[in-house]
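Enquirer: Data file protein22.txt (compact mmCIF, C-alpha atoms and all ligand atoms) is appended below.
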```txt
# COMPACT_ATOMS: atom_id res chain seq x y z
CA MET A 8 113.03 86.66 47.72
CA SER A 9 116.46 85.13 47.73
CA LYS A 10 116.73 81.38 47.95
CA ARG A 11 119.30 79.60 50.04
CA ASP A 12 122.09 77.74 48.39
CA PHE A 13 121.15 74.07 47.82
CA TYR A 14 124.49 72.80 49.13
CA GLU A 15 124.10 74.95 52.22
CA ILE A 16 120.56 73.62 52.79
CA LEU A 17 121.84 70.05 52.82
CA GLY A 18 124.95 71.02 54.78
CA VAL A 19 127.36 69.53 52.26
CA THR A 20 130.26 70.89 50.24
CA LYS A 21 130.09 71.61 46.52
CA SER A 22 132.18 68.54 45.80
CA ALA A 23 129.94 66.17 47.78
CA ASP A 24 129.38 62.86 46.02
CA GLU A 25 126.03 61.14 45.48
CA LYS A 26 126.25 59.09 48.62
CA THR A 27 127.08 62.05 50.86
CA LEU A 28 124.14 63.94 49.40
CA LYS A 29 121.77 61.08 50.05
CA VAL A 30 122.92 60.60 53.63
CA ALA A 31 122.57 64.32 54.30
CA TYR A 32 119.13 64.40 52.72
CA ARG A 33 117.91 61.32 54.60
CA LYS A 34 118.96 62.79 57.92
CA LEU A 35 117.28 66.16 57.32
CA ALA A 36 114.15 64.72 55.72
CA MET A 37 113.61 62.43 58.71
CA GLU A 38 114.11 65.32 61.08
CA TYR A 39 111.63 67.64 59.36
CA HIS A 40 109.13 65.09 58.08
CA PRO A 41 105.53 66.36 58.57
CA ASP A 42 104.51 63.08 60.21
CA ARG A 43 107.02 63.77 62.94
CA ASN A 44 106.22 67.46 63.23
CA PRO A 45 102.45 67.68 62.99
CA GLY A 46 101.19 71.23 62.59
CA ASP A 47 104.69 72.71 62.48
CA ASP A 48 104.75 74.97 59.44
CA ALA A 49 108.42 75.81 59.82
CA ALA A 50 109.36 72.13 59.79
CA GLU A 51 107.20 71.57 56.74
CA ALA A 52 108.88 74.44 54.93
CA LYS A 53 112.28 72.95 55.83
CA PHE A 54 111.11 69.56 54.63
CA LYS A 55 110.16 71.03 51.28
CA GLU A 56 113.40 72.99 51.08
CA VAL A 57 115.63 69.95 51.61
CA GLY A 58 113.46 67.96 49.19
CA GLU A 59 113.91 70.59 46.51
CA ALA A 60 117.66 70.85 47.12
CA TYR A 61 118.06 67.07 46.93
CA ALA A 62 115.85 66.76 43.86
CA ILE A 63 118.15 69.12 41.99
CA LEU A 64 121.52 67.98 43.32
CA SER A 65 120.80 64.26 42.98
CA ASP A 66 120.14 64.68 39.26
CA ALA A 67 123.42 65.05 37.39
CA ASP A 68 121.99 67.28 34.65
CA LYS A 69 120.13 69.55 37.03
CA ARG A 70 123.12 69.73 39.36
CA ALA A 71 125.34 70.80 36.47
CA ALA A 72 122.79 73.45 35.47
CA TYR A 73 122.60 74.67 39.05
CA ASP A 74 126.39 74.84 39.38
CA ARG A 75 126.47 76.88 36.19
CA MET A 76 123.58 79.26 36.71
CA GLY A 77 122.45 78.93 40.31
CA HIS A 78 118.74 79.22 41.08
CA ALA A 79 118.20 81.07 37.81
CA ALA A 80 118.42 77.69 36.07
CA PHE A 81 115.05 76.65 37.49
CA GLU A 82 113.13 79.87 37.71
CA GLN A 83 109.58 80.19 36.43
CA GLY A 84 109.19 80.81 32.76
CA GLY A 85 112.93 80.71 32.24
CA ASN A 86 113.39 79.45 28.72
CA GLY A 87 117.07 78.95 29.08
CA GLY A 88 116.99 76.62 32.03
CA TYR A 89 116.32 72.97 32.12
CA GLY A 90 113.08 72.29 30.31
CA GLY A 91 111.83 69.22 32.05
CA GLN A 92 108.81 70.54 33.81
CA GLY A 93 107.16 72.93 31.44
CA PRO A 94 106.84 76.68 31.65
CA PHE A 95 105.89 76.97 35.29
CA GLY A 96 108.08 74.37 36.87
CA ALA A 97 104.67 72.89 37.53
CA GLY A 98 106.11 69.54 38.50
CA GLY A 99 107.65 71.11 41.60
CA ALA A 100 105.72 69.90 44.61
CA ALA A 101 104.85 66.51 43.16
CA GLU A 102 108.42 65.99 42.06
CA PHE A 103 109.78 66.58 45.56
CA ALA A 104 107.25 64.19 47.04
CA ASP A 105 108.45 61.56 44.58
CA ILE A 106 111.99 62.17 45.67
CA PHE A 107 111.06 61.32 49.22
CA GLU A 108 109.41 58.13 48.10
CA GLN A 109 112.37 57.19 45.98
CA VAL A 110 114.78 57.59 48.86
CA PHE A 111 112.62 56.16 51.62
CA GLY A 112 110.33 53.82 49.79
CA ASP A 113 107.54 52.66 52.05
CA ALA A 114 109.24 53.74 55.26
CA PHE A 115 106.29 55.93 56.17
CA GLY A 116 103.71 53.71 54.59
CA ARG A 117 102.47 56.43 52.30
CA GLY A 118 102.15 57.12 48.66
CA GLY A 119 100.29 53.98 47.66
CA GLY A 120 97.84 55.51 45.28
CA ARG A 121 99.74 57.68 42.93
CA ARG A 122 102.53 55.27 42.40
CA GLY A 123 100.47 52.99 40.26
CA GLY A 124 100.92 55.14 37.20
CA SER A 125 104.60 55.83 37.54
CA HIS A 126 105.53 52.16 37.88
CA THR A 127 104.80 51.49 34.28
CA GLY A 128 107.20 54.13 32.99
CA ALA A 129 104.39 55.72 31.00
CA ALA A 130 105.61 59.22 31.83
CA ARG A 131 103.53 62.24 30.93
CA GLY A 132 104.84 64.34 28.03
CA ASN A 133 106.42 67.73 28.58
CA ASP A 134 104.40 70.92 28.56
CA LEU A 135 105.11 73.28 25.69
CA ARG A 136 105.14 77.04 25.44
CA PHE A 137 104.19 78.89 22.28
CA ASP A 138 104.44 82.68 21.97
CA LEU A 139 101.82 84.40 19.87
CA GLU A 140 101.49 88.09 19.05
CA VAL A 141 97.91 89.34 18.78
CA SER A 142 96.75 92.58 17.16
CA LEU A 143 94.34 94.83 19.04
CA GLU A 144 91.68 94.20 16.40
CA ASP A 145 92.00 90.42 16.87
CA ALA A 146 91.91 90.83 20.64
CA PHE A 147 88.68 92.81 20.13
CA THR A 148 86.85 90.34 17.92
CA GLY A 149 88.53 87.10 18.96
CA LYS A 150 90.09 84.94 16.28
CA GLU A 151 90.63 81.44 15.12
CA THR A 152 94.20 80.99 13.96
CA THR A 153 96.59 78.26 12.88
CA ILE A 154 99.92 77.72 14.59
CA THR A 155 102.79 75.35 13.87
CA VAL A 156 104.46 73.98 16.96
CA PRO A 157 107.66 71.93 16.99
CA THR A 158 106.88 69.04 19.29
CA ALA A 159 107.49 65.40 20.14
CA MET A 160 104.85 63.11 18.71
CA ASN A 161 104.09 59.47 19.22
CA CYS A 162 106.14 57.35 16.79
CA GLU A 163 103.71 55.81 14.32
CA ARG A 164 106.00 52.99 13.22
CA CYS A 165 106.12 51.40 16.69
CA ASP A 166 103.02 53.11 18.13
CA GLY A 167 105.18 54.68 20.84
CA GLN A 168 106.43 51.37 22.18
CA GLY A 169 110.02 51.75 20.93
CA ASN A 170 110.49 48.25 19.55
CA GLU A 171 110.75 47.50 15.85
CA PRO A 172 107.40 46.17 14.61
CA GLY A 173 107.43 42.37 14.55
CA THR A 174 109.78 42.12 17.52
CA GLU A 175 108.77 41.70 21.14
CA LEU A 176 109.63 43.67 24.25
CA GLU A 177 111.68 41.65 26.71
CA THR A 178 110.83 41.42 30.38
CA CYS A 179 113.41 43.29 32.46
CA PRO A 180 115.73 40.76 34.13
CA THR A 181 116.51 43.06 37.08
CA CYS A 182 112.99 43.70 38.34
CA HIS A 183 111.29 40.78 36.58
CA GLY A 184 108.76 43.13 35.11
CA ALA A 185 107.74 44.91 38.33
CA GLY A 186 109.42 48.21 37.44
CA ARG A 187 110.56 48.70 41.01
CA ILE A 188 113.03 46.92 43.18
CA ARG A 189 113.02 46.58 46.97
CA ARG A 190 116.03 46.53 49.19
CA SER A 191 116.22 45.99 52.94
CA GLN A 192 118.45 48.35 54.81
CA GLY A 193 118.33 48.25 58.59
CA LEU A 194 114.85 49.13 59.75
CA PHE A 195 113.63 50.23 56.38
CA THR A 196 112.59 48.43 53.30
CA MET A 197 113.60 50.68 50.47
CA GLU A 198 111.76 50.63 47.23
CA GLN A 199 113.10 52.34 44.17
CA THR A 200 112.53 52.61 40.46
CA CYS A 201 114.34 49.87 38.60
CA PRO A 202 117.54 51.41 37.19
CA GLN A 203 117.71 48.91 34.33
CA CYS A 204 114.34 49.60 32.72
CA GLY A 205 113.57 52.98 34.27
CA GLY A 206 110.39 51.59 35.86
CA ARG A 207 108.91 50.18 32.70
CA GLY A 208 109.33 46.52 33.58
CA GLN A 209 110.29 45.76 30.00
CA TYR A 210 113.10 46.79 27.73
CA VAL A 211 113.54 47.27 24.02
CA LYS A 212 115.79 44.65 22.51
CA THR A 213 115.35 45.64 18.87
CA PRO A 214 114.85 49.42 18.64
CA CYS A 215 112.39 50.90 16.17
CA GLN A 216 114.13 52.32 13.08
CA ASP A 217 112.19 55.56 13.09
CA CYS A 218 112.60 56.58 16.72
CA ASP A 219 115.63 54.60 17.87
CA GLY A 220 113.62 52.98 20.62
CA VAL A 221 112.47 56.26 22.17
CA GLY A 222 108.86 55.85 21.06
CA ARG A 223 108.64 59.50 20.05
CA VAL A 224 109.74 61.54 17.05
CA ARG A 225 110.20 65.31 16.67
CA LYS A 226 107.78 66.90 14.25
CA ASN A 227 106.08 70.16 13.46
CA ARG A 228 102.49 69.98 14.44
CA THR A 229 99.90 72.34 12.99
CA LEU A 230 96.84 73.08 15.01
CA THR A 231 93.97 75.50 15.01
CA VAL A 232 93.55 77.55 18.15
CA ASN A 233 90.78 79.83 19.23
CA ILE A 234 91.82 83.21 20.64
CA PRO A 235 88.81 84.50 22.60
CA ALA A 236 87.77 88.18 22.47
CA GLY A 237 89.21 90.27 25.26
CA VAL A 238 92.66 88.67 25.59
CA GLU A 239 95.43 90.95 26.78
CA ASP A 240 99.18 91.24 26.77
CA GLY A 241 100.33 88.46 29.08
CA THR A 242 97.19 86.30 28.78
CA ARG A 243 98.05 82.61 28.91
CA ILE A 244 95.84 79.99 27.32
CA ARG A 245 96.23 76.36 28.35
CA LEU A 246 95.43 73.74 25.75
CA ALA A 247 95.17 70.55 27.76
CA GLY A 248 96.74 67.52 26.14
CA GLU A 249 98.25 69.47 23.21
CA GLY A 250 101.83 69.30 24.52
CA GLU A 251 104.46 66.67 23.81
CA ALA A 252 103.52 63.01 23.62
CA GLY A 253 104.30 61.02 26.74
CA ALA A 254 106.86 58.24 26.71
CA ARG A 255 105.52 54.82 25.70
CA GLY A 256 101.96 55.90 25.25
CA GLY A 257 101.94 58.04 28.41
CA PRO A 258 99.55 60.99 28.58
CA ARG A 259 100.41 64.09 26.58
CA GLY A 260 101.60 67.29 28.24
CA ASP A 261 99.79 70.60 27.86
CA LEU A 262 100.42 73.45 25.47
CA TYR A 263 100.49 76.99 26.85
CA LEU A 264 99.93 79.91 24.53
CA PHE A 265 101.63 83.06 25.83
CA LEU A 266 99.97 86.05 24.20
CA SER A 267 101.60 89.41 23.65
CA ALA A 268 99.90 92.49 22.26
CA LYS A 269 101.04 94.05 19.01
CA PRO A 270 101.23 97.84 19.43
CA HIS A 271 98.38 99.72 17.74
CA GLU A 272 98.97 102.91 15.80
CA LEU A 273 95.98 104.72 17.24
CA PHE A 274 94.97 103.16 20.55
CA GLU A 275 96.73 102.43 23.76
CA ARG A 276 95.10 99.88 25.98
CA ASP A 277 94.79 99.72 29.74
CA GLY A 278 92.69 96.72 30.75
CA PRO A 279 89.31 97.08 29.08
CA ASN A 280 89.79 100.79 28.32
CA LEU A 281 91.27 102.32 25.19
CA TYR A 282 93.05 105.65 25.06
CA CYS A 283 93.69 107.83 22.06
CA ARG A 284 94.42 111.44 21.16
CA THR A 285 92.54 113.47 18.66
CA PRO A 286 93.34 116.87 17.19
CA ALA A 287 90.66 119.55 16.93
CA SER A 288 90.95 122.87 15.13
CA MET A 289 91.24 126.00 17.23
CA VAL A 290 87.84 127.10 15.95
CA SER A 291 86.10 123.77 16.80
CA ALA A 292 87.57 123.91 20.27
CA ALA A 293 86.51 127.53 20.75
CA LEU A 294 82.99 127.26 19.37
CA GLY A 295 82.26 123.62 20.18
CA ALA A 296 81.74 120.97 17.52
CA THR A 297 80.79 117.37 16.87
CA ILE A 298 83.51 115.33 15.21
CA GLU A 299 83.78 111.71 14.12
CA VAL A 300 86.40 109.47 15.66
CA PRO A 301 87.35 105.95 14.54
CA THR A 302 86.50 103.11 16.93
CA ILE A 303 88.20 99.74 17.45
CA ASP A 304 85.30 97.84 15.86
CA GLY A 305 86.17 99.54 12.56
CA GLY A 306 83.27 101.99 12.76
CA LYS A 307 83.02 105.61 13.83
CA ALA A 308 81.59 107.36 16.85
CA GLU A 309 80.41 110.92 17.31
CA LEU A 310 82.35 112.97 19.79
CA LYS A 311 80.98 116.25 21.12
CA ILE A 312 83.63 118.82 21.82
CA PRO A 313 82.22 121.40 24.22
CA ALA A 314 82.76 125.09 23.45
CA GLY A 315 85.95 126.30 25.10
CA ALA A 316 87.59 122.87 25.37
CA GLN A 317 91.31 123.05 26.05
CA THR A 318 94.20 120.87 24.99
CA GLY A 319 94.43 117.91 27.38
CA ARG A 320 90.69 117.69 27.95
CA ARG A 321 89.58 114.09 28.20
CA MET A 322 86.26 112.81 26.97
CA ARG A 323 84.87 109.37 27.55
CA LEU A 324 82.80 107.26 25.16
CA ARG A 325 81.23 104.64 27.36
CA GLY A 326 81.17 101.06 26.09
CA LYS A 327 83.46 101.81 23.13
CA GLY A 328 86.47 100.06 24.62
CA MET A 329 87.50 96.41 24.68
CA PRO A 330 85.38 93.39 25.61
CA ARG A 331 86.31 91.57 28.81
CA LEU A 332 87.68 88.04 28.65
CA ARG A 333 85.36 86.87 31.42
CA GLY A 334 82.30 88.72 30.19
CA GLY A 335 80.70 91.89 31.51
CA PRO A 336 80.30 95.30 29.93
CA ARG A 337 82.78 96.59 27.38
CA GLY A 338 85.34 99.11 28.56
CA ASP A 339 85.38 102.77 27.57
CA MET A 340 87.23 104.77 24.98
CA VAL A 341 88.92 107.82 26.44
CA ILE A 342 89.85 110.58 24.02
CA GLU A 343 92.31 113.30 24.83
CA LEU A 344 91.94 116.52 22.90
CA PHE A 345 94.73 118.46 21.22
CA VAL A 346 93.92 121.89 19.93
CA GLU A 347 95.68 122.66 16.67
CA THR A 348 97.16 126.08 16.25
CA PRO A 349 96.44 127.26 12.69
CA ARG A 350 99.46 127.59 10.40
CA ASN A 351 100.16 129.16 7.00
CA LEU A 352 97.59 131.89 7.44
CA CYS A 353 96.69 134.09 4.53
CA ASP A 354 96.62 137.87 4.98
CA ARG A 355 92.88 137.95 5.44
CA GLN A 356 93.01 135.33 8.20
CA LYS A 357 95.77 137.20 9.98
CA GLU A 358 93.68 140.37 9.82
CA LEU A 359 90.68 138.58 11.32
CA LEU A 360 92.74 137.10 14.14
CA LYS A 361 94.18 140.49 15.00
CA GLU A 362 90.68 141.90 15.06
CA PHE A 363 89.62 138.96 17.28
CA CYS A 364 92.46 139.79 19.61
CA SER A 365 91.53 143.43 19.96
CA LEU A 366 87.92 142.45 20.66
CA SER A 367 88.89 140.11 23.51
CA GLY A 368 90.26 143.16 25.27
CA GLU A 369 93.49 141.65 26.54
CA GLY A 370 95.74 142.32 23.64
CA CYS A 371 97.88 139.59 22.20
CA ASN A 372 100.87 140.03 24.47
CA PRO A 373 99.72 140.19 28.10
CA ASP A 374 102.06 141.58 30.78
CA SER A 375 103.59 139.18 33.30
CA ASP A 376 100.82 139.56 35.93
CA GLY A 377 98.25 138.68 33.35
CA PHE A 378 100.39 135.77 32.19
CA PHE A 379 100.37 133.93 35.51
CA HIS A 380 96.67 134.57 35.93
CA LYS A 381 96.06 133.04 32.52
CA VAL A 382 98.17 129.97 33.24
CA LYS A 383 96.22 129.31 36.44
CA GLN A 384 92.91 129.82 34.71
CA PHE A 385 93.92 127.50 31.87
CA TRP A 386 94.71 124.53 34.12
CA ASN A 387 91.54 125.12 36.15
CA ASP A 388 89.57 124.76 32.99
CA VAL A 389 91.21 121.54 31.90
CA THR A 390 89.13 118.83 33.48
CA THR A 391 87.87 115.47 32.37
CA ASP A 392 84.22 114.94 31.69
CA ASP A 393 84.20 113.07 35.00
CA GLY A 394 84.93 116.37 36.70
CA ARG A 395 88.32 115.16 37.79
CA PRO A 396 91.26 117.42 36.96
CA ASN A 397 93.75 116.01 34.54
CA ALA A 398 96.94 114.73 36.01
ZN ZN A 401 109.26 54.04 16.82
ZN ZN A 402 113.46 46.61 35.49
```
Just give me the structure as structure tokens.
Ligand SMILES: [Zn+2]
Ligand SMILES: [Zn+2]

Expert:
Amino acid sequence: MSKRDFYEILGVTKSADEKTLKVAYRKLAMEYHPDRNPGDDAAEAKFKEVGEAYAILSDADKRAAYDRMGHAAFEQGGNGGYGGQGPFGAGGAAEFADIFEQVFGDAFGRGGGRRGGSHTGAARGNDLRFDLEVSLEDAFTGKETTITVPTAMNCERCDGQGNEPGTELETCPTCHGAGRIRRSQGLFTMEQTCPQCGGRGQYVKTPCQDCDGVGRVRKNRTLTVNIPAGVEDGTRIRLAGEGEAGARGGPRGDLYLFLSAKPHELFERDGPNLYCRTPASMVSAALGATIEVPTIDGGKAELKIPAGAQTGRRMRLRGKGMPRLRGGPRGDMVIELFVETPRNLCDRQKELLKEFCSLSGEGCNPDSDGFFHKVKQFWNDVTTDDGRPNA
């Protein structure tokens, strides 16, 4: 899915200044606003598109990132891009709605409720991503483990307020403490976040010595996390409220654990099922045998090799696979057989094999007709214990 160029969406040139952008956005947003186009999905999609384009281009940092890298700068999970909204760009929809409010204020008489929180400048902390490699054994049993995450924590010296202890916060002279300012412009009353205090209503006159007035400090945080049994490569675990501290006592972001599976020397995993290969001697395969195979729980299981089993035969041990993250029966363990050709035979063994050959009546070197017949017969015999032929 290729996205349209943000400048193209707004119908402006790459060198457009802030004002041109805003005018272009206002015009398009009015045209496609859902209140004016009830039930029109195409208009709503356009409305979102222009909102997204304006949200990026009206922010100097994001615009610079976009000019440099294009849409790749904001793609999901992109570590290299701008990190403002956590691993999923989760802020997306809400952010674009805010943009509309910032530009239009109360023009459409909406957005009363959710503004309450953002007035105060108590912004939520960023989400964090932490990558963790998990062994197959740990994924089987589940595990409690300790991780150390570099993060932003509330500054203890000023308790996140930013002012040096003993000094007071000053009321913002621009908005007189309201955090937002209103401006009349033609038909509309525009309301916007106060540029002086960033919506906080107060400003720091004497910054805290530890955090320079930011209210947060960077630290390594150690925490214990529980990895449940059954996790897989690509499983994400959300730890609510374990992300970065919010500004000025705002709520904390979330921490996302991204799990990857460490390769295992014996088993390959596909969902709840485990696959492995096991060798069997030529004699065991010919006569049938019961062998012991190791299982993921650290124990052993008995595996019956039927007489006449060929290389490539698959056998299934039900319930010997992995547990499922959301409960339910354990997966299976599927074992593929490899018949070992004996090596380093002594004279006596060679003699016996030659005798075996003469008894089977075919001789050891069949002619070409016999060869093709044998090949066909061989692959007919190789089936799984489900009765399905092997691929
Ligand atoms: Zn501080
Ligand atoms: Zn202010």

Enquirer: Could you give me, as JSON lines, every chain A residue with an atom at most 8 Å from ligand ZN 401 (chain A), plus its closest atom pair and distance in Å to one decimal, counting only C-alpha atoms and all ligand atoms, rows ordered by chain then number?

Expert:
```
{"residue": "A:Asn161", "atom": "CA", "partner": "A:ZN401", "partner_atom": "ZN", "distance": 7.9}
{"residue": "A:Cys162", "atom": "CA", "partner": "A:ZN401", "partner_atom": "ZN", "distance": 4.5}
{"residue": "A:Glu163", "atom": "CA", "partner": "A:ZN401", "partner_atom": "ZN", "distance": 6.3}
{"residue": "A:Arg164", "atom": "CA", "partner": "A:ZN401", "partner_atom": "ZN", "distance": 5.0}
{"residue": "A:Cys165", "atom": "CA", "partner": "A:ZN401", "partner_atom": "ZN", "distance": 4.1}
{"residue": "A:Asp166", "atom": "CA", "partner": "A:ZN401", "partner_atom": "ZN", "distance": 6.4}
{"residue": "A:Gly167", "atom": "CA", "partner": "A:ZN401", "partner_atom": "ZN", "distance": 5.8}
{"residue": "A:Gln168", "atom": "CA", "partner": "A:ZN401", "partner_atom": "ZN", "distance": 6.6}
{"residue": "A:Gly169", "atom": "CA", "partner": "A:ZN401", "partner_atom": "ZN", "distance": 4.8}
{"residue": "A:Asn170", "atom": "CA", "partner": "A:ZN401", "partner_atom": "ZN", "distance": 6.5}
{"residue": "A:Glu171", "atom": "CA", "partner": "A:ZN401", "partner_atom": "ZN", "distance": 6.8}
{"residue": "A:Pro214", "atom": "CA", "partner": "A:ZN401", "partner_atom": "ZN", "distance": 7.5}
{"residue": "A:Cys215", "atom": "CA", "partner": "A:ZN401", "partner_atom": "ZN", "distance": 4.5}
{"residue": "A:Gln216", "atom": "CA", "partner": "A:ZN401", "partner_atom": "ZN", "distance": 6.4}
{"residue": "A:Asp217", "atom": "CA", "partner": "A:ZN401", "partner_atom": "ZN", "distance": 5.0}
{"residue": "A:Cys218", "atom": "CA", "partner": "A:ZN401", "partner_atom": "ZN", "distance": 4.2}
{"residue": "A:Asp219", "atom": "CA", "partner": "A:ZN401", "partner_atom": "ZN", "distance": 6.5}
{"residue": "A:Gly220", "atom": "CA", "partner": "A:ZN401", "partner_atom": "ZN", "distance": 5.9}
{"residue": "A:Val221", "atom": "CA", "partner": "A:ZN401", "partner_atom": "ZN", "distance": 6.6}
{"residue": "A:Gly222", "atom": "CA", "partner": "A:ZN401", "partner_atom": "ZN", "distance": 4.6}
{"residue": "A:Arg223", "atom": "CA", "partner": "A:ZN401", "partner_atom": "ZN", "distance": 6.4}
{"residue": "A:Val224", "atom": "CA", "partner": "A:ZN401", "partner_atom": "ZN", "distance": 7.5}
```

Enquirer: Select, from A:Asn133, A:Thr158, A:Asn280, A:Gln203, the residue with the minimum atom-to-atom distance to ligand ZN 402 (chain A), counting only C-alpha atoms and all ligand atoms.

Expert: A:Gln203

Enquirer: Can I get the residues of chain A within 7 Å of ligand ZN 402 (chain A), each with the closest pair of atoms and their distance in Å to one decimal, using all atoms listed in the file, sorted chain first then ascending number, as a tab-separated table?

Expert:
```
residue	atom	partner	partner_atom	distance
A:Cys179	CA	A:ZN402	ZN	4.5
A:Pro180	CA	A:ZN402	ZN	6.4
A:Thr181	CA	A:ZN402	ZN	4.9
A:Cys182	CA	A:ZN402	ZN	4.1
A:His183	CA	A:ZN402	ZN	6.3
A:Gly184	CA	A:ZN402	ZN	5.9
A:Ala185	CA	A:ZN402	ZN	6.6
A:Gly186	CA	A:ZN402	ZN	4.8
A:Arg187	CA	A:ZN402	ZN	6.6
A:Cys201	CA	A:ZN402	ZN	4.6
A:Pro202	CA	A:ZN402	ZN	6.5
A:Gln203	CA	A:ZN402	ZN	5.0
A:Cys204	CA	A:ZN402	ZN	4.2
A:Gly205	CA	A:ZN402	ZN	6.5
A:Gly206	CA	A:ZN402	ZN	5.9
A:Arg207	CA	A:ZN402	ZN	6.4
A:Gly208	CA	A:ZN402	ZN	4.6
A:Gln209	CA	A:ZN402	ZN	6.4
```

Enquirer: Limited to C-alpha atoms, could you put the picked residues into a file as a compact mmCIF listing (two decimals), keeping the file's coordinate frame?

Expert:
```txt
# COMPACT_ATOMS: atom_id res chain seq x y z
CA CYS A 179 113.41 43.29 32.46
CA PRO A 180 115.73 40.76 34.13
CA THR A 181 116.51 43.06 37.08
CA CYS A 182 112.99 43.70 38.34
CA HIS A 183 111.29 40.78 36.58
CA GLY A 184 108.76 43.13 35.11
CA ALA A 185 107.74 44.91 38.33
CA GLY A 186 109.42 48.21 37.44
CA ARG A 187 110.56 48.70 41.01
CA CYS A 201 114.34 49.87 38.60
CA PRO A 202 117.54 51.41 37.19
CA GLN A 203 117.71 48.91 34.33
CA CYS A 204 114.34 49.60 32.72
CA GLY A 205 113.57 52.98 34.27
CA GLY A 206 110.39 51.59 35.86
CA ARG A 207 108.91 50.18 32.70
CA GLY A 208 109.33 46.52 33.58
CA GLN A 209 110.29 45.76 30.00
```

Enquirer: Give me the box for range 209-222 of chain A as lines of an AutoDock Vina configuration file, namely the centre and edge lengths in Å to one decimal of a box along x, y and z that holds every listed atom plus 3 Å on each side.

Expert:
```
center_x = 112.3
center_y = 50.6
center_z = 21.5
size_x = 12.9
size_y = 17.9
size_z = 22.9
```

Enquirer: Name the residues within 6 Å of (112.1, 67.9, 57.4), counting only C-alpha atoms in the file's coordinates, and put them as a CSV table (one decimal) with C-alpha atoms, keeping the file's coordinate frame.

Expert:
```
chain,number,residue,atom,x,y,z
A,35,LEU,CA,117.3,66.2,57.3
A,36,ALA,CA,114.2,64.7,55.7
A,37,MET,CA,113.6,62.4,58.7
A,38,GLU,CA,114.1,65.3,61.1
A,39,TYR,CA,111.6,67.6,59.4
A,40,HIS,CA,109.1,65.1,58.1
A,50,ALA,CA,109.4,72.1,59.8
A,53,LYS,CA,112.3,73.0,55.8
A,54,PHE,CA,111.1,69.6,54.6
```

Enquirer: Please provide as a PyMOL selection string all residues within 12 Å of Ala67 in chain A, with the sequence filter that same-chain residues fewer than 5 positions apart are discarded (counting all atoms listed in the file).

Expert: chain A and resi 24-25+61-62+72-74+89

Enquirer: Pick from A:Arg43, A:Thr302, A:Met197, A:Ser65: nearest to Ala23 in chain A, with only C-alpha atoms counted?

Expert: A:Ser65

Enquirer: What gap, in Å, lies between CA of Gly132 in chain A and CA of Asn233 in chain A?

Expert: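 We find that CA of Gly132 in chain A and CA of Asn233 in chain A lie 22.7 Å from each other.
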
Enquirer: Could you tell me which of A:Ala146, A:Ala49, A:Met340, A:Cys364 comes closest to Glu275 in chain A if we count all atoms listed in the file?

Expert: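 Closest candidate: A:Met340.
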
Enquirer: What is the distance, in Å and to one decimal place, between CA of Glu251 in chain A and CA of Met76 in chain A?

Expert: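 CA of Met76 in chain A lies at a distance of 26.3 Å from CA of Glu251 in chain A.
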
Enquirer: Rank nothing, just name the residue among A:Gly338, A:Gly315, A:Gly250, A:Gly237 nearest to Val156 in chain A, using only C-alpha atoms.

Expert: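 Counting only C-alpha atoms, the residue closest to Val156 in chain A is A:Gly250.
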
Enquirer: Point out the residue among A:Val30, A:Val382, A:Leu176, A:Val141 with the least atom-to-atom distance to Pro270 in chain A, counting all atoms listed in the file.

Expert: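 The answer is A:Val141, which sits nearest to Pro270 in chain A.
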
Enquirer: Tell me which of A:Glu59, A:Glu249, A:Glu51, A:Asp42 sits closest to Asp12 in chain A, counting only C-alpha atoms.

Expert: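 Residue with the minimum atom-to-atom distance to Asp12 in chain A: A:Glu59.
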
Enquirer: Quick one: distance from CA of Ala247 in chain A to CA of Asp261 in chain A in Å, one decimal?

Expert: 4.6 Å

Enquirer: For Val346 in chain A, please output as a count of residues only all residues within 7 Å (counting all atoms listed in the file; exclusion window: fewer than 3 positions along the same chain).

Expert: 7
